[in-house]
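Engineer: Could you have a look at this structure, given as structure tokens, before my questions?
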Amino acid sequence: MNAPNTDPGVNNDVTQRILLVTGDAGMTRKIRQLLSPQYTLLCTNTITEGIEMAHQHHPDVILCDALVQDATGYQFLITLRNDSVLKPTPFILFSRPNMQANMRKGMNLGADDYLAAPFTGEELLKSIHSRISRFHHIRDTAYFAREKVTLQEVSTIAINDRLSKTEAKILSMIARGMSSRDIASYKCISVRTVDNHRHNITKKLQLSGPNALVKFAIGYAGAMR
């Protein structure tokens, strides 16, 4: 396997790593210039090597082209979500100009975000920062969640009995860090409808408010892993 392409200007003390998987050399240059001041960037142009590098380097985020040389980003995502070690890694799919974006497919397969070209550098940085912050928060609280919300306790809460299928899905999206606007866009409904669902979930689970709902969602997801 070829050595990963790490930008020489990156401080080696930086712990946050981004794995970029794309066969577009121009896109690689642009993303390297954008990210190198803040992150260590690892690059490859194949899914096969991307999987190897993910296991070797444990990146904080995987940024993957929807169309890669030896497969598609969707196939990479399926492999990732079926891997017990790599499954929690935040995964951002992106499309290139003149390429049809399939955001719904990506989100259905478990992508944390999907950036449809043309997207700005600011949009990319915000997405990466948001996913890393959420990932670290969930990771750091996962042990606490497993201690405080055991599988037995979850079963007594009887989530599936209390919530509709739509509400259970929205609870899962909240645990993944999606905002009401993100959920509304994904499900093609209004933000008000999402907020109504959140209110109903909070009421059915007898939680004290919006913050309690988010904490419960994270704890529930952590306990079920």
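Here, A, B, ... name the chains of the structure tokens in the order displayed, residue numbers run from 1 inside each chain, and ligands are numbered from 1 in the same displayed order.
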Near Leu34 in chain A, counting only C-alpha atoms, which residues have an atom at most 9 Å away, once you skip same-chain residues fewer than 4 positions from it, shown as a VMD selection string?

Structural biologist: chain A and resid 29 to 30 38 121 125

Engineer: Produce a file of the selected residues containing N, CA, C and O atoms, as a PDB file, in the first residue's frame.

Structural biologist:
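Final file, result09.pdb:
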```
ATOM      1  N   ARG A  29      -6.440  18.843  -4.379  1.00  0.00           N
ATOM      2  CA  ARG A  29      -5.626  20.046  -4.142  1.00  0.00           C
ATOM      3  C   ARG A  29      -6.422  21.106  -3.385  1.00  0.00           C
ATOM      4  O   ARG A  29      -5.923  21.722  -2.432  1.00  0.00           O
ATOM      5  N   LYS A  30      -7.661  21.333  -3.808  1.00  0.00           N
ATOM      6  CA  LYS A  30      -8.478  22.365  -3.167  1.00  0.00           C
ATOM      7  C   LYS A  30      -8.763  22.034  -1.710  1.00  0.00           C
ATOM      8  O   LYS A  30      -8.667  22.880  -0.834  1.00  0.00           O
ATOM      9  N   GLN A  38      -5.661  23.290   9.629  1.00  0.00           N
ATOM     10  CA  GLN A  38      -6.340  22.857  10.847  1.00  0.00           C
ATOM     11  C   GLN A  38      -6.269  21.346  11.099  1.00  0.00           C
ATOM     12  O   GLN A  38      -6.338  20.912  12.247  1.00  0.00           O
ATOM     13  N   GLY A 121     -16.043  26.283   0.505  1.00  0.00           N
ATOM     14  CA  GLY A 121     -15.098  25.851   1.525  1.00  0.00           C
ATOM     15  C   GLY A 121     -15.663  26.032   2.914  1.00  0.00           C
ATOM     16  O   GLY A 121     -15.436  25.210   3.812  1.00  0.00           O
ATOM     17  N   LEU A 125     -16.003  23.163   5.800  1.00  0.00           N
ATOM     18  CA  LEU A 125     -15.399  23.312   7.127  1.00  0.00           C
ATOM     19  C   LEU A 125     -16.449  23.206   8.233  1.00  0.00           C
ATOM     20  O   LEU A 125     -16.204  22.567   9.265  1.00  0.00           O
TER      21      LEU A 125
END
```

Engineer: If we count only C-alpha atoms, what is near Phe91 in chain A at a cut-off of 10 Å, once residues fewer than 4 positions away on the same chain are taken out, given as a PDB file with C-alpha atoms, in the first residue's frame?

Structural biologist:
```
ATOM      1  CA  LEU A  19      -9.366  10.798   5.385  1.00  0.00           C
ATOM      2  CA  ASP A  60     -11.925  11.629  12.962  1.00  0.00           C
ATOM      3  CA  VAL A  61     -13.896  12.097   9.735  1.00  0.00           C
ATOM      4  CA  ILE A  62     -14.004  10.341   6.365  1.00  0.00           C
ATOM      5  CA  LEU A  63     -14.675  12.654   3.436  1.00  0.00           C
ATOM      6  CA  CYS A  64     -15.583  10.568   0.397  1.00  0.00           C
ATOM      7  CA  GLY A  73     -18.748   6.216  -2.041  1.00  0.00           C
ATOM      8  CA  PHE A  76     -17.565   2.406   0.938  1.00  0.00           C
ATOM      9  CA  LEU A  77     -20.256   3.675   3.300  1.00  0.00           C
ATOM     10  CA  LEU A  80     -17.926   1.132   6.896  1.00  0.00           C
ATOM     11  CA  ARG A  81     -21.300   0.827   8.626  1.00  0.00           C
ATOM     12  CA  LYS A  87     -18.910   2.042  12.196  1.00  0.00           C
ATOM     13  CA  GLY A 106     -26.449   8.572   1.075  1.00  0.00           C
ATOM     14  CA  GLY A 110     -25.911   6.150   7.133  1.00  0.00           C
ATOM     15  CA  ALA A 111     -23.933   9.163   5.886  1.00  0.00           C
ATOM     16  CA  ASP A 112     -23.649  11.918   8.480  1.00  0.00           C
ATOM     17  CA  ASP A 113     -23.799  14.601   5.802  1.00  0.00           C
ATOM     18  CA  TYR A 114     -23.943  14.980   2.024  1.00  0.00           C
ATOM     19  CA  ILE A 128     -16.435  18.727   9.287  1.00  0.00           C
ATOM     20  CA  ARG A 131     -19.360  16.108  12.754  1.00  0.00           C
TER      21      ARG A 131
END
```

Engineer: Give me the residues near Gln206 in chain A as a ChimeraX atom specification, where near means some atom within 12 Å (using only C-alpha atoms) and where sequence neighbours in that chain fewer than 3 positions away do not count.

Structural biologist: /A:157,159,162-163,199-203,209-210,212-213,216

Engineer: Hey, can you check how far CA of Cys43 in chain A sits from CA of His55 in chain A?

Structural biologist: 13.9 Å

Engineer: Restricting the calculation to only C-alpha atoms, which member of A:Arg134, A:Asn102, A:Ser208, A:His197 is positioned closest to Lys165 in chain A?

Structural biologist: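 Closest residue, counting only C-alpha atoms: A:His197.
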
Engineer: Please identify all polymer residues within 12 Å of Glu122 in chain A, counting only C-alpha atoms, omitting same-chain residues fewer than 5 positions from it, and present them as a PyMOL selection string.

Structural biologist: chain A and resi 31+34-35+115+127-129

Engineer: Produce a file of the selected residues containing all heavy atoms, as a PDB file, in the first residue's frame.

Structural biologist:
```
ATOM      1  N   ILE A  31      -9.110  20.772  -1.464  1.00  0.00           N
ATOM      2  CA  ILE A  31      -9.443  20.372  -0.096  1.00  0.00           C
ATOM      3  C   ILE A  31      -8.191  20.385   0.782  1.00  0.00           C
ATOM      4  O   ILE A  31      -8.237  20.776   1.952  1.00  0.00           O
ATOM      5  CB  ILE A  31     -10.115  18.988  -0.091  1.00  0.00           C
ATOM      6  CG1 ILE A  31     -11.507  19.098  -0.742  1.00  0.00           C
ATOM      7  CG2 ILE A  31     -10.232  18.432   1.330  1.00  0.00           C
ATOM      8  CD1 ILE A  31     -12.257  17.787  -0.835  1.00  0.00           C
ATOM      9  N   LEU A  34      -7.500  23.877   1.791  1.00  0.00           N
ATOM     10  CA  LEU A  34      -8.502  24.361   2.738  1.00  0.00           C
ATOM     11  C   LEU A  34      -8.304  23.785   4.134  1.00  0.00           C
ATOM     12  O   LEU A  34      -8.420  24.488   5.137  1.00  0.00           O
ATOM     13  CB  LEU A  34      -9.905  24.000   2.224  1.00  0.00           C
ATOM     14  CG  LEU A  34     -11.082  24.415   3.099  1.00  0.00           C
ATOM     15  CD1 LEU A  34     -11.244  25.935   3.078  1.00  0.00           C
ATOM     16  CD2 LEU A  34     -12.371  23.745   2.616  1.00  0.00           C
ATOM     17  N   LEU A  35      -7.963  22.505   4.211  1.00  0.00           N
ATOM     18  CA  LEU A  35      -7.946  21.812   5.500  1.00  0.00           C
ATOM     19  C   LEU A  35      -6.594  21.772   6.189  1.00  0.00           C
ATOM     20  O   LEU A  35      -6.524  21.617   7.406  1.00  0.00           O
ATOM     21  CB  LEU A  35      -8.445  20.370   5.327  1.00  0.00           C
ATOM     22  CG  LEU A  35      -9.862  20.172   4.788  1.00  0.00           C
ATOM     23  CD1 LEU A  35     -10.222  18.693   4.799  1.00  0.00           C
ATOM     24  CD2 LEU A  35     -10.876  20.969   5.585  1.00  0.00           C
ATOM     25  N   LEU A 115     -22.712  16.688   0.838  1.00  0.00           N
ATOM     26  CA  LEU A 115     -22.486  17.999   0.238  1.00  0.00           C
ATOM     27  C   LEU A 115     -22.601  17.870  -1.278  1.00  0.00           C
ATOM     28  O   LEU A 115     -21.808  17.173  -1.908  1.00  0.00           O
ATOM     29  CB  LEU A 115     -21.109  18.536   0.622  1.00  0.00           C
ATOM     30  CG  LEU A 115     -20.869  18.748   2.120  1.00  0.00           C
ATOM     31  CD1 LEU A 115     -19.426  19.180   2.369  1.00  0.00           C
ATOM     32  CD2 LEU A 115     -21.840  19.771   2.685  1.00  0.00           C
ATOM     33  N   SER A 127     -19.300  21.605   8.113  1.00  0.00           N
ATOM     34  CA  SER A 127     -19.762  20.226   8.196  1.00  0.00           C
ATOM     35  C   SER A 127     -18.756  19.367   8.952  1.00  0.00           C
ATOM     36  O   SER A 127     -19.128  18.588   9.841  1.00  0.00           O
ATOM     37  CB  SER A 127     -19.984  19.652   6.795  1.00  0.00           C
ATOM     38  OG  SER A 127     -20.419  18.313   6.863  1.00  0.00           O
ATOM     39  N   ILE A 128     -17.478  19.507   8.623  1.00  0.00           N
ATOM     40  CA  ILE A 128     -16.435  18.727   9.287  1.00  0.00           C
ATOM     41  C   ILE A 128     -16.382  19.055  10.779  1.00  0.00           C
ATOM     42  O   ILE A 128     -16.344  18.160  11.625  1.00  0.00           O
ATOM     43  CB  ILE A 128     -15.069  18.979   8.634  1.00  0.00           C
ATOM     44  CG1 ILE A 128     -15.029  18.365   7.228  1.00  0.00           C
ATOM     45  CG2 ILE A 128     -13.931  18.414   9.493  1.00  0.00           C
ATOM     46  CD1 ILE A 128     -13.786  18.709   6.450  1.00  0.00           C
ATOM     47  N   HIS A 129     -16.389  20.345  11.093  1.00  0.00           N
ATOM     48  CA  HIS A 129     -16.316  20.765  12.494  1.00  0.00           C
ATOM     49  C   HIS A 129     -17.509  20.222  13.281  1.00  0.00           C
ATOM     50  O   HIS A 129     -17.355  19.720  14.408  1.00  0.00           O
ATOM     51  CB  HIS A 129     -16.282  22.286  12.586  1.00  0.00           C
ATOM     52  CG  HIS A 129     -16.276  22.808  13.996  1.00  0.00           C
ATOM     53  ND1 HIS A 129     -15.177  22.730  14.818  1.00  0.00           N
ATOM     54  CD2 HIS A 129     -17.260  23.385  14.744  1.00  0.00           C
ATOM     55  CE1 HIS A 129     -15.474  23.239  15.997  1.00  0.00           C
ATOM     56  NE2 HIS A 129     -16.726  23.633  15.977  1.00  0.00           N
TER      57      HIS A 129
END
```

Engineer: Any idea what the distance is between CA of Ile170 in chain A and CA of Ala66 in chain A?

Structural biologist: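 These two atoms are separated by 25.0 Å.
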
Engineer: Expressed in Å to a single decimal, how great is the separation between CA of Leu67 in chain A and CA of Leu93 in chain A?

Structural biologist: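 If I compute the distance from CA of Leu67 in chain A to CA of Leu93 in chain A, I get 9.6 Å.
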
Engineer: Going by DSSP on the backbone, which residues of range 57-103 of chain A come out as strand (DSSP E)? List them as a list of chain:residue names.

Structural biologist: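 Filtering range 57-103 of chain A to strand (DSSP E) leaves A:Val61, A:Ile62, A:Leu63, A:Cys64, A:Asp65, A:Phe91, A:Ile92, A:Leu93, A:Phe94.
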
Engineer: Can you pull out every residue within 7 Å of Ala175 in chain A, counting only C-alpha atoms, but drop anything in the same chain fewer than 4 positions away, and send it as a VMD selection string?

Structural biologist: chain A and resid 171 214 217 to 218 221
